[in-house]
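Visitor: Quick one: this structure, given as structure tokens, is what I'll be asking you about.
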Amino acid sequence: MEIIRNFPCLSILLAMFSAIISSALKGKGARRLNTFVVSAVGALSACTLYLTYTTGESYVYVMGHFPAPFGNEIRFGSLEAGMALFFCVIMLFSLNGGRDKIRLEIDPGKENLYYIMVDLLLSSLLVLVYTNDLFTAYVFVEINTIAACGLIMIMESGRAIEAATRYMIMSLLGSGLFLIGLCMLYDMTGHLLMSYIQASVRDIAAEGLYVIPLLVTIALIVVGLAIKSALFPFHAWLPDAYGYSTVSSAAMLSSLVSKGYIFLLIKIIYRVIGFDIFVQSRIINVLFVFGLAGMIMGSTSAIRENDIRRMISYSSVAQIGYIYMGFGLGSSVGMVASVFHILSHAATKSLLFVSGVGLTDVADDNKQFIELTGAAYRNVCAGLAFTVGSLSMVGIPLFSGFISKLLFSQAAVQSQMKMLPALIVLAISTILNTIYFMKTVIRIYTPIRSKYASVSIKENPLYAFTLLCFIVLNIVLGMCSQPITDWITQGLSVFA
Amino acid sequence: MEHMLLLSVFFPILAGIVLLLKKEYQTRDRLLVFVGAALVITGALACYAIFAVKDGVTLFYLTKTLPIYFKLDLMGRYFSLIVTIVWILAGFFSFTYMKHERNEKRYFGFYLIVFGVLLGLDFAGNLITMYLFYELMTLLSMPLVLHTQTRESIMAGLRYLFFSFAGAYMALAGVYFICRFGTTIEFTAGGVIEAAVLQENRTLFLIVTMLMLIGFGVKAGMFPLHAWLPTAHPVAPGPASAVLSGIIVKAGVLALVRVVYQLIGVEFLRGSWVQTVWMTLTLVTIFMGSLLAFREPVLKKRLAYSTVSQLSYILFGLSVMQPEAMTGALLHVSAHAFIKVALFLCAAAMIYQTGCTRVEELKGIGKGMPVMLWCYTIVSLGLIGIPPTSGFISKWSLAVGSLASNIPVFSWLGPVVLLVSALLTAGYLLPLTMQGFFPGEEYDASRFAGKEPSYGMLIPLLAFAALTVLIGLVPNGLTNQLFTFAAQVMQSI
Amino acid sequence: MNAIYLFLVVLIPCIGGALTPLIPWKKRGHMLVYLESLVAVNSVLVWILLFHRPPEMFTLVNFTGNLAIAFQMDGLGMIFAGLVSFLWPLATLYAFEYMTKEKHEKTFFMFYTITYGVTLGIALADNFLTMYCFYELLTLVTMPLVMHTLTREAILASRKYLYYSIGGAAFAFIGMIFVITYGETSNFMLGGALDASRLAEGRNLFLLIYVFSFFGFGVKAAVCPFNAWLPEAGVAPTPVTALLHAVAVVKSGAFAIMRLTFYCFGADFLRGTWAQYLVMAVTMVTIVYGCGMALRETHLKRRLAFSTISNLSYILFGVTIMTPFGLTAALCHMVFHAFMKICSFFCAGAIMHQTNRHYIHQLDGMARKMPKVFAMFAVSAFALMGVPGLCGFISKWNLAEAAIASGNRLAYFGIGALLISALLTAMYMLSIVIRAYFPKADFDYGTIADVKDPSWMMLAPLAIFVIGMIGFGVCSVPFTELFAAVAQGSF
């Protein structure tokens with residue numbers, strides 16, 4: 001069992017080195033290496049999860065030879081391990097689902113570059129998940145940003161480059177704010193390791209010192225990460241970035257990159273600032289309001305959208321709003337709901353992106369709704385998968401979205417003040433989701449004599465298999481949610 | 001024994017249904033034989049039931065507390081006797097008249113069914129049974145109204161239906177409350193609701209009673225929901241108008257007697273605003289009906305307006321809530337039934353023989369159809385209230401009762417209105433007689449020559465005229481019975 | 001009976017229905033026999049269950065914590081399950097004949113049969129969560145039926161149906177969360193499952209939540225102002241309109257409201273509060289509004305759909321009286337209205353199927369050519385009006401009696417609404433009947449010379465409904481007693 005403790009560090013190194021090796025490989029080799037690495041990291045994370053979940057403890061892994069409080073550390077509990085596993089799974093599915101498109105849309109000479117970016121993305125995500133050092137986190141936030149930019153602009157179209165630039169600017173603004181917050185925190189506490197910062201922050205708060213600087217710090221960090229994870233009203237970069245990149249990128253950006261930042265935020269809330277202090281600061285009310293606004297505004301924008309990819313993107317804004325609304329409730333139940341929604345949304349949104357591309361494929365890459373009429377008959381599995389994703393988004397029982405809705409509402413009921421707004425906005429948001437998702441479902445199932453050719457499952461078995469995996473994942477999240485929520489609760493308690 | 005009640009109700013209904021479902025008869029005579037036999041048998045059954053059956057009989061239970069129950073009391077016997085007499089006579093009149101209409105089979109089918117339904121209405125021993133047959137009567141008499149199926153008659157039929165249902169449903173509200181708060185729903189002299197309960201919910205019950213008054217009043221053509229009557233009655237075939245105007249409207253009267261005197265109880269209502277409003281409405285109706293009839297040139301419509309007015313005589317008598325007045329009112333039920341049926345049958349005979357519908361076209365008709373016009377004149381005098389006819393007796397009692405009631409204003413206003421209305425009645429009925437017999441020297445009445453109707457039409461007419469005079473000559477037996485009833489339901493014996 | 005049968009009756013139609021398009025049928029007849037026997041066997045199973053009720057419940061899966069998908073059969077569920085399982089085989093039989101003129105039969109029958117299972121799932125649900133799940137599923141499986149014809153109109157209608165239904169469910173969801181969070185138990189319990197001390201604390205909040213969930217479920221029961229979807233959903237083939245939009249789907253809404261009111265929040269808690277007055281007033285408005293709109297409508301099926309809106313609110317009015325007597329009356333109308341409305345819809349469907357006429361003004365003189373259909377239509381019209389002796393009178397009587405007995409002054413006005421609605425019903429139903437039976441004297445029967453009554457597959461269900469209407473009307477006592485026993489929880 002002892003050896004498992006090395007796995008997190010090993011997986012990070014594996015991902016980073018594979019990126020370096022890939023630069024020397026051709027496209028095909030890079031792809032194979034990437035698949036291997038993602039699977040291997042997934043396996044390693046699964047082992048870690050097994051260890052941490054069975055023991056119910058967290059472990060610290062010291063990097064280099066400097067002991068705390070000066071050195072660099074990795075810390076992992078069951079939540080981190082599970083998250084890493086989940087990210088790997090989603091990444092694997094997203095890449096498999098968009099494999100054809102990558103081949104088609106990317107210059108063959110640059111295919112290995114794409115996989116370098118993916119490897120880097122994986123490594124930075126793993127670091128964000130595992131690290132116990134705030135500055136390391138910052139460094140990998142930047143790496144993450146660069147990797148994500150690369151993923152967006154690999155298409156080399158005008159729109160993609162514009163989107164990437166916009167993403168870059170917004171993201172850097174976010175990391176800038178994050179960095180300032182970090183500096184102030186270092187100023188106040190003199191530490192960079194999370195556990196030590198937390199201890200100092202608790203002392204500071206107990207003595208009533210630095211009240212305003214502390215508040216500003218929290219605000220800066222939260223806003224910085226919120227910009228990066230596209231919380232309303234900082235979401236302007238998102239539709240273009242998701243809409244004009246290749247499908248695997250879009251799926252990974254929406255379900256991994258933004259979730260990585262959110263996970264980092266959760267980590268900071270619990271491990272750096274301390275949950276109680278975070279709740280006492282009025283920041284959570286701001287998050288709550290922005291979360292609610294995002295739920296509504298994201299969906300309204302999605303309803304107005306006439307392009308299926310951008311519609312799905314806008315839906316992400318709404319879903320990110322759910323997660324922040326969960327933070328805003330300021331209770332541990334709300335946190336559990338938010339974490340569950342990270343999983344559920346990641347599984348569903350990447351499913352939607354991947355199945356959406358199947359639908360646009362049978363309309364000659366036209367993303368306008370009018371061209372998609374009857375697309376579900378031309379590509380049966382994509383249609384089915386899209387329907388499942390939509391139902392999950394709407395919150396139909398048996399799918400994962402229902403459980404997150406359930407958890408959010410149950411959390412909302414615990415809070416006197418925020419109960420009614422949260423419940424009502426949830427209900428309205430459900431209606432809005434219904435409007436745009438079910439409208440699309442009805443459209444793709446409206447038969448029409450079409451000029452476009454059909455695609456059968458046999459032509460692309462990998463794609464169909466990926467979709468099947470996504471669907472199963474979705475239903476597993478929806479049907480067997482109890483162990484998952486148990487795991488999240490346990491993980492969060494180990495966190496603090 | 002008491003099953004005779006059921007038999008006399010359901011025999012004509014079944015006969016009617018059989019007739020409707022049967023294929024067309026080969027000859028008209030066979031149809032008439034069937035209908036005639038059914039009418040006579042029903043008449044015999046009904047007479048037996050009216051004079052011999054004492055007990056009640058329950059058919060089935062609608063809900064646990066709602067039995068369909070038949071029992072005859074004096075009121076039931078009185079009304080059903082009138083129905084039987086009129087229905088049979090008018091039925092025989094139709095044998096001749098219906099020659100010039102289409103769809104005779106359907107007409108006679110529904111004629112028989114409505115006969116049964118009316119008997120059921122009169123035999124009803126409790127509120128819900130009465131309500132059941134009241135609704136059925138509305139529904140099933142509708143085909144008689146729109147029989148000719150012209151655009152006008154269909155519209156009139158719909159109007160009839162919807163006004164009647166509006167009334168029935170207003171009344172139904174009352175039915176709900178009475179069934180809930182009453183100790184029983186059987187008709188009981190003096191009411192079924194305990195005085196304490198009534199006092200507790202005084203406003204509620206007054207409103208409910210008012211609703212029922214207006215609701216059942218629709219059938220009796222009471223203002224403000226009387227507008228259907230002058231449209232619906234004239235468009236029907238002659239004999240159908242006669243029974244609609246003479247008999248079916250009386251169902252409203254019967255229902256009101258039941259409600260006011262045997263369910264709510266007159267003690268509760270006397271002196272309340274409900275009584276005042278009711279009296280006002282009836283007086284308005286009396287005057288307005290007569291006035292409209294006076295101005296109406298088409299004979300059948302004129303008679304229909306006259307019905308509006310005359311029915312409110314009856315309702316006025318009931319609204320005074322005084323035994324004498326009530327006796328007058330009840331007497332007027334039979335008087336008006338016979339007279340109005342006779343008048344409509346006369347009109348039908350005139351239309352059948354000459355095709356004329358407007359009064360001025362009938363100038364000089366007495367030259368050609370003297371017997372018929374004599375009948376017309378006798379019953380007209382009855383309606384005006386000239387001795388020795390039944391109308392005189394009833395109106396006399398009405399006036400006396402009203403004056404004896406000591407209700408401020410209305411005790412004398414009533415008789416005044418009655419008198420004015422009587423003058424108007426004379427004004428709208430008698431011109432036909434005068435111009436019919438005395439069209440003037442130079443008027444050419446030859447087109448009426450030899451148009452005297454056949455015996456099939458004359459005999460019913462003569463019978464009605466005779467009945468009118470007969471009741472006027474020997475009213476005592478009937479009056480005493482009715483007075484006893486009135487006194488009993490007002491618990492003033 | 002073993003409790004697992006409760007789940008089986010839900011499952012059999014779902015699986016059997018889903019298999020329909022997958023089996024390569026040689027002849028249409030084979031498929032029909034398969035479907036009818038599937039549905040009939042399931043109904044027989046349900047009826048056996050009704051008489052041998054399994055005492056315990058059957059748990060299928062656990063969601064989170066104490067939230068489970070579980071089935072059981074209590075009195076209320078029995079009535080709904082019994083009603084649905086009685087009507088379904090008949091409606092299927094009718095659909096066989098009707099669908100000869102429509103396309104995509106297999107898909108149609110697939111969803112039609114699955115809906116049976118889902119509806120039973122609602123009826124037999126043991127807790128709010130299970131009911132909610134099946135409630136959402138019901139929306140989804142019936143949507144393809146609404147858009148069956150795939151015309152633009154049908155697609156718009158199905159969209160609207162979907163938005164309304166899921167939107168409603170989203171608000172009902174709030175109620176569910178409350179019941180789960182504050183319930184003493186997650187199961188349905190007559191008299192209310194909520195913790196009494198919590199209720200006293202946040203009284204107005206709970207009432208507000210009740211109102212939310214009432215309207216949420218009320219969307220399916222087409223309560224005003226959320227009724228716009230129902231008339232438009234009339235574009236679906238008539239078996240759907242008749243069975244689903246007059247019975248299964250809309251009554252699921254009413255059924256859910258009964259569960260919500262009597263089995264979750266508890267009538268004692270709600271009685272006399274502003275919430276009761278509010279929802280009662282809304283049902284009264286709907287009663288009159290539905291009838292008024294029906295009168296204005298000239299399309300036959302849409303007119304009947306508006307009539308359904310009004311009649312559903314009769315049921316809800318009974319529920320909002322919030323006494324056991326009120327529930328009795330509501331159940332009574334739920335069952336009786338099912339017979340009346342399905343009969344009139346089937347007649348309308350038969351007319352459309354035989355003559356392809358959809359508007360009322362095209363029905364002149366039809367009664368002579370289709371005597372059987374119109375006779376039955378007339379009976380259903382009389383029943384809907386509430387002519388004594390037919391079942392409509394009984395349920396209205398019970399409603400009015402319950403309203404009076406409750407002593408609630410607003411309920412007295414409800415009687416007024418019932419009566420106004422009865423008058424309007426008479427107007428919109430009888431105008432059809434009269435038109436068909438008494439055309440203008442100059443009507444030319446030559447124009448409808450080739451019209452005739454449909455085959456026995458359509459007539460047999462109709463005849464059974466007519467017998468039902470008369471039977472319920474004449475001997476209602478055992479049924480009313482059953483409903484009363486259910487409402488008092490002694491059954």
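Scheme for the structure tokens: letters A, B, ... for chains in order shown; per-chain residue numbers from 1; ligand numbers from 1 in order shown.
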Could you tell me, as a VMD selection string, which residues of region 80-286 of chain C DSSP assigns to alpha helix (DSSP H) when given the backbone?

Guide: chain C and resid 80 to 98 105 to 124 128 to 146 152 to 182 196 to 201 203 to 218 229 to 232 238 to 243 249 to 258 267 to 270 274 to 286

Visitor: Please write the residues from the selection above to a file, keeping C-alpha atoms, as a CSV table (one decimal), in the first residue's frame.

Guide:
```csv
chain,number,residue,atom,x,y,z
C,80,PHE,CA,-56.7,5.5,-10.2
C,81,ALA,CA,-55.1,2.2,-11.2
C,82,GLY,CA,-58.4,0.5,-11.5
C,83,LEU,CA,-59.8,3.3,-13.6
C,84,VAL,CA,-56.8,3.4,-15.9
C,85,SER,CA,-56.6,-0.3,-16.3
C,86,PHE,CA,-60.3,-0.6,-17.1
C,87,LEU,CA,-60.1,2.0,-19.8
C,88,TRP,CA,-56.9,1.1,-21.5
C,89,PRO,CA,-57.8,-2.2,-23.2
C,90,LEU,CA,-61.0,-0.5,-24.5
C,91,ALA,CA,-59.1,2.5,-25.8
C,92,THR,CA,-56.5,0.3,-27.4
C,93,LEU,CA,-59.3,-1.6,-29.2
C,94,TYR,CA,-60.6,1.7,-30.4
C,95,ALA,CA,-57.2,2.9,-31.5
C,96,PHE,CA,-56.8,-0.2,-33.7
C,97,GLU,CA,-59.7,1.0,-35.9
C,98,TYR,CA,-58.8,4.7,-35.7
C,105,GLU,CA,-48.5,2.9,-36.3
C,106,LYS,CA,-45.7,1.0,-34.6
C,107,THR,CA,-44.2,4.0,-32.9
C,108,PHE,CA,-47.6,5.2,-31.9
C,109,PHE,CA,-48.5,1.9,-30.2
C,110,MET,CA,-45.1,1.7,-28.6
C,111,PHE,CA,-45.6,5.0,-26.8
C,112,TYR,CA,-49.3,4.4,-26.2
C,113,THR,CA,-48.5,1.2,-24.4
C,114,ILE,CA,-45.6,2.5,-22.5
C,115,THR,CA,-47.8,5.3,-21.3
C,116,TYR,CA,-50.0,2.7,-19.7
C,117,GLY,CA,-47.1,1.5,-17.6
C,118,VAL,CA,-46.0,4.9,-16.6
C,119,THR,CA,-49.5,6.0,-15.6
C,120,LEU,CA,-49.8,2.9,-13.4
C,121,GLY,CA,-46.4,3.9,-11.9
C,122,ILE,CA,-48.0,7.2,-10.8
C,123,ALA,CA,-51.0,5.4,-9.4
C,124,LEU,CA,-48.9,2.9,-7.5
C,128,PHE,CA,-43.5,11.6,-3.6
C,129,LEU,CA,-40.2,10.9,-5.4
C,130,THR,CA,-41.5,7.9,-7.2
C,131,MET,CA,-44.6,9.7,-8.2
C,132,TYR,CA,-42.5,12.6,-9.4
C,133,CYS,CA,-40.2,10.4,-11.5
C,134,PHE,CA,-43.1,8.8,-13.2
C,135,TYR,CA,-44.8,12.1,-13.6
C,136,GLU,CA,-41.8,13.4,-15.6
C,137,LEU,CA,-41.6,10.2,-17.6
C,138,LEU,CA,-45.3,10.6,-18.4
C,139,THR,CA,-44.5,13.9,-20.0
C,140,LEU,CA,-41.7,12.4,-22.0
C,141,VAL,CA,-43.5,9.3,-23.3
C,142,THR,CA,-46.7,11.2,-24.2
C,143,MET,CA,-44.9,13.9,-26.1
C,144,PRO,CA,-44.2,11.7,-29.2
C,145,LEU,CA,-47.9,10.9,-29.2
C,146,VAL,CA,-48.8,14.6,-29.4
C,152,ARG,CA,-46.1,22.0,-38.0
C,153,GLU,CA,-49.1,22.4,-35.8
C,154,ALA,CA,-48.4,19.2,-34.0
C,155,ILE,CA,-44.8,20.0,-33.4
C,156,LEU,CA,-45.7,23.4,-32.0
C,157,ALA,CA,-48.3,21.8,-29.8
C,158,SER,CA,-45.9,19.2,-28.5
C,159,ARG,CA,-43.3,21.8,-27.7
C,160,LYS,CA,-45.9,23.8,-25.8
C,161,TYR,CA,-47.0,20.7,-24.0
C,162,LEU,CA,-43.5,19.9,-23.0
C,163,TYR,CA,-42.6,23.3,-21.8
C,164,TYR,CA,-45.8,23.6,-19.7
C,165,SER,CA,-45.5,20.1,-18.2
C,166,ILE,CA,-41.8,20.2,-17.4
C,167,GLY,CA,-42.2,23.8,-16.1
C,168,GLY,CA,-45.0,22.7,-13.9
C,169,ALA,CA,-43.0,19.7,-12.6
C,170,ALA,CA,-40.2,22.1,-11.8
C,171,PHE,CA,-42.4,23.9,-9.4
C,172,ALA,CA,-43.9,20.7,-8.1
C,173,PHE,CA,-40.3,19.7,-7.4
C,174,ILE,CA,-40.0,22.4,-4.8
C,175,GLY,CA,-42.9,20.9,-3.0
C,176,MET,CA,-41.2,17.5,-3.2
C,177,ILE,CA,-38.1,18.9,-1.7
C,178,PHE,CA,-40.1,20.2,1.3
C,179,VAL,CA,-41.9,17.0,1.8
C,180,ILE,CA,-38.7,15.1,1.7
C,181,THR,CA,-36.9,17.5,4.0
C,182,TYR,CA,-39.6,18.1,6.5
C,196,ALA,CA,-46.3,19.2,12.7
C,197,SER,CA,-43.9,21.3,14.8
C,198,ARG,CA,-42.1,22.5,11.7
C,199,LEU,CA,-45.4,23.3,10.1
C,200,ALA,CA,-46.3,25.6,13.0
C,201,GLU,CA,-43.0,27.4,12.7
C,203,ARG,CA,-46.7,28.4,8.4
C,204,ASN,CA,-46.8,30.9,5.6
C,205,LEU,CA,-43.7,29.5,4.0
C,206,PHE,CA,-45.3,26.1,3.8
C,207,LEU,CA,-48.5,27.5,2.5
C,208,LEU,CA,-46.5,29.3,-0.2
C,209,ILE,CA,-44.8,26.1,-1.1
C,210,TYR,CA,-48.1,24.3,-1.2
C,211,VAL,CA,-49.4,26.9,-3.7
C,212,PHE,CA,-46.3,26.5,-5.8
C,213,SER,CA,-46.6,22.7,-6.0
C,214,PHE,CA,-50.4,22.9,-6.5
C,215,PHE,CA,-49.9,25.0,-9.6
C,216,GLY,CA,-47.0,22.9,-10.6
C,217,PHE,CA,-49.1,19.7,-10.7
C,218,GLY,CA,-52.0,21.9,-11.8
C,229,TRP,CA,-51.4,23.4,-23.9
C,230,LEU,CA,-54.4,21.2,-23.6
C,231,PRO,CA,-56.6,22.4,-26.4
C,232,GLU,CA,-53.6,22.6,-28.7
C,238,THR,CA,-58.1,10.9,-31.1
C,239,PRO,CA,-57.2,7.8,-29.0
C,240,VAL,CA,-54.5,10.0,-27.4
C,241,THR,CA,-56.7,13.0,-26.9
C,242,ALA,CA,-59.4,10.8,-25.5
C,243,LEU,CA,-57.5,8.6,-23.2
C,249,VAL,CA,-52.3,12.5,-18.2
C,250,VAL,CA,-54.6,15.2,-16.9
C,251,LYS,CA,-56.0,13.0,-14.2
C,252,SER,CA,-52.4,12.2,-13.1
C,253,GLY,CA,-52.2,15.9,-12.4
C,254,ALA,CA,-55.3,15.8,-10.4
C,255,PHE,CA,-54.2,12.7,-8.7
C,256,ALA,CA,-50.9,14.2,-7.8
C,257,ILE,CA,-52.7,17.2,-6.3
C,258,MET,CA,-54.8,14.8,-4.2
C,267,ALA,CA,-55.9,18.8,4.7
C,268,ASP,CA,-56.1,19.8,8.4
C,269,PHE,CA,-53.2,22.1,8.1
C,270,LEU,CA,-54.4,23.7,4.9
C,274,TRP,CA,-55.2,31.8,2.5
C,275,ALA,CA,-53.7,29.0,0.4
C,276,GLN,CA,-56.9,27.1,0.4
C,277,TYR,CA,-58.9,30.2,-0.6
C,278,LEU,CA,-56.4,31.0,-3.3
C,279,VAL,CA,-56.4,27.6,-5.0
C,280,MET,CA,-60.1,27.2,-4.6
C,281,ALA,CA,-60.8,30.5,-6.2
C,282,VAL,CA,-58.5,29.5,-9.1
C,283,THR,CA,-60.4,26.2,-9.6
C,284,MET,CA,-63.6,28.1,-9.7
C,285,VAL,CA,-62.3,30.6,-12.3
C,286,THR,CA,-61.1,27.6,-14.3
```

Visitor: Would you mind listing what lies within 12 Å of Leu315 (chain B) as number ranges by chain, with only C-alpha atoms counted and same-chain residues fewer than 5 positions away left out?

Guide: B: 213-214, 216-223, 249-250, 252-257, 260, 275, 278-286, 308-310, 320-321, 325-333, 398, 414

Visitor: Any idea what's packed within 10 Å of Gly56 (chain B), counting only C-alpha atoms, ignoring anything in its chain fewer than 3 positions away? Could you give it as a list in words?

Guide: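 Counting only C-alpha atoms, the residues come to Met1, Glu2, His3, Leu5, Val53, Leu59, Tyr69, Phe70, Lys71, Leu72, Asp73, Phe123, Ala124 and Gly125 of chain B.
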
Visitor: The selected residues should be written to file as a short mmCIF file (atom, residue, chain, number, x, y, z; two decimals), in the first residue's frame (atoms: N, CA and C atoms).

Guide:
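Just written: out-v4.cif:
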```cif
data_model
loop_
_atom_site.label_atom_id
_atom_site.label_comp_id
_atom_site.auth_asym_id
_atom_site.auth_seq_id
_atom_site.Cartn_x
_atom_site.Cartn_y
_atom_site.Cartn_z
N MET B 1 -100.20 -2.36 -6.26
CA MET B 1 -101.11 -1.20 -6.18
C MET B 1 -100.35 0.08 -6.51
N GLU B 2 -99.39 0.41 -5.64
CA GLU B 2 -98.66 1.64 -5.88
C GLU B 2 -97.78 1.56 -7.12
N HIS B 3 -97.62 0.34 -7.63
CA HIS B 3 -96.82 0.23 -8.85
C HIS B 3 -97.55 0.82 -10.05
N LEU B 5 -98.40 3.72 -10.16
CA LEU B 5 -97.75 5.01 -10.36
C LEU B 5 -96.62 4.87 -11.38
N VAL B 53 -104.63 5.34 -5.86
CA VAL B 53 -103.39 4.97 -5.18
C VAL B 53 -103.11 5.92 -4.03
N LEU B 59 -88.35 4.01 -6.52
CA LEU B 59 -87.87 3.28 -7.70
C LEU B 59 -86.43 2.80 -7.46
N TYR B 69 -88.55 8.72 -5.75
CA TYR B 69 -89.71 8.31 -4.95
C TYR B 69 -90.96 8.97 -5.52
N PHE B 70 -92.00 8.16 -5.68
CA PHE B 70 -93.26 8.71 -6.20
C PHE B 70 -94.33 8.61 -5.14
N LYS B 71 -95.05 9.70 -4.96
CA LYS B 71 -96.18 9.65 -4.04
C LYS B 71 -97.13 10.77 -4.44
N LEU B 72 -98.40 10.46 -4.39
CA LEU B 72 -99.36 11.46 -4.81
C LEU B 72 -99.96 12.17 -3.60
N ASP B 73 -99.87 13.47 -3.58
CA ASP B 73 -100.68 14.22 -2.62
C ASP B 73 -101.71 15.00 -3.42
N PHE B 123 -96.25 13.14 -10.12
CA PHE B 123 -96.32 12.08 -9.13
C PHE B 123 -95.16 12.14 -8.14
N ALA B 124 -94.15 12.96 -8.48
CA ALA B 124 -92.93 12.95 -7.68
C ALA B 124 -93.24 13.20 -6.22
N GLY B 125 -92.61 12.39 -5.37
CA GLY B 125 -92.88 12.52 -3.95
C GLY B 125 -91.79 13.27 -3.20
#
```

Visitor: Extract, using only C-alpha atoms, all DNA, RNA and protein residues at most 7 Å from region 283-300 of chain A, discarding same-chain residues fewer than 4 positions from it, and format them as a list in words.

Guide: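 Near region 283-300 of chain A, the qualifying residues are Ala219, Leu231, Phe232, Val279, Arg304, Tyr314, Ser315, Val317, Ala318, Gln319, Gly321, Tyr322, Tyr324, Met325, Phe327, Gly328, Leu329, Gly330, Val425, Ser429, Leu432 and Asn433 of chain A.
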
Visitor: Store the residues of this selection in a file with C-alpha atoms, as a PDB file, in the first residue's frame.

Guide:
```pdb
ATOM      1  CA  ALA A 219     -12.550  38.707  -2.997  1.00  0.00           C
ATOM      2  CA  LEU A 231     -19.120  32.797 -13.815  1.00  0.00           C
ATOM      3  CA  PHE A 232     -21.736  35.260 -14.996  1.00  0.00           C
ATOM      4  CA  VAL A 279     -18.941  31.820   5.049  1.00  0.00           C
ATOM      5  CA  ARG A 304     -31.751  33.165 -28.229  1.00  0.00           C
ATOM      6  CA  TYR A 314     -24.235  29.222 -23.084  1.00  0.00           C
ATOM      7  CA  SER A 315     -25.822  26.406 -21.195  1.00  0.00           C
ATOM      8  CA  VAL A 317     -22.735  29.517 -18.165  1.00  0.00           C
ATOM      9  CA  ALA A 318     -26.004  28.532 -16.555  1.00  0.00           C
ATOM     10  CA  GLN A 319     -24.550  25.368 -15.111  1.00  0.00           C
ATOM     11  CA  GLY A 321     -24.123  29.426 -12.080  1.00  0.00           C
ATOM     12  CA  TYR A 322     -25.595  26.357 -10.341  1.00  0.00           C
ATOM     13  CA  TYR A 324     -21.562  28.976  -7.574  1.00  0.00           C
ATOM     14  CA  MET A 325     -25.083  29.101  -6.225  1.00  0.00           C
ATOM     15  CA  PHE A 327     -21.134  27.788  -2.841  1.00  0.00           C
ATOM     16  CA  GLY A 328     -23.299  30.749  -2.062  1.00  0.00           C
ATOM     17  CA  LEU A 329     -25.622  28.707   0.123  1.00  0.00           C
ATOM     18  CA  GLY A 330     -22.752  28.594   2.575  1.00  0.00           C
ATOM     19  CA  VAL A 425     -34.656  30.251  -9.672  1.00  0.00           C
ATOM     20  CA  SER A 429     -33.987  27.612 -14.803  1.00  0.00           C
ATOM     21  CA  LEU A 432     -35.602  27.618 -19.503  1.00  0.00           C
ATOM     22  CA  ASN A 433     -33.454  24.522 -19.919  1.00  0.00           C
TER      23      ASN A 433
END
```

Visitor: Chain C residues within 10 Å of chain B, counting only C-alpha atoms: which ones, as a ChimeraX atom specification?

Guide: /C:382,385-391,393-395,397-405,412,415-416,418-424,426-427,430-431,434-435,437-443,472-481

Visitor: What is the CA of Ile161 (chain A)-CA of Pro233 (chain A) distance in Å, reported with one decimal?

Guide: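 We find that CA of Ile161 (chain A) and CA of Pro233 (chain A) lie 22.5 Å from each other.
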
Visitor: Could you pull out all residues of region 21-139 of chain C with a DSSP call of strand (DSSP E) and give them as a ChimeraX atom specification?

Guide: /C:58-62,68-71

Visitor: For Leu206 (chain B), find every residue with an atom within 12 Å (counting only C-alpha atoms), except residues of its own chain fewer than 3 positions away, and show them as a PyMOL selection string.

Guide: chain B and resi 174+177-178+198-203+209-213+260+264-266+268-278

Visitor: Applying 10 Å and only C-alpha atoms, which residues near Tyr59 (chain A) remain after dropping the ones on its own chain fewer than 4 positions away? List them as a ChimeraX atom specification.

Guide: /A:5,52,74-78

Visitor: Could you dump the residues just selected with C-alpha atoms as a PDB file, in the first residue's frame?

Guide:
```
ATOM      1  CA  ARG A   5       1.300   7.167  -1.900  1.00  0.00           C
ATOM      2  CA  THR A  52      -7.786   7.052   0.448  1.00  0.00           C
ATOM      3  CA  ILE A  74       1.394  17.244  -2.500  1.00  0.00           C
ATOM      4  CA  ARG A  75      -1.590  16.377  -0.413  1.00  0.00           C
ATOM      5  CA  PHE A  76      -4.339  13.991  -1.378  1.00  0.00           C
ATOM      6  CA  GLY A  77      -7.494  12.670   0.129  1.00  0.00           C
ATOM      7  CA  SER A  78     -10.279  10.680  -1.441  1.00  0.00           C
TER       8      SER A  78
END
```
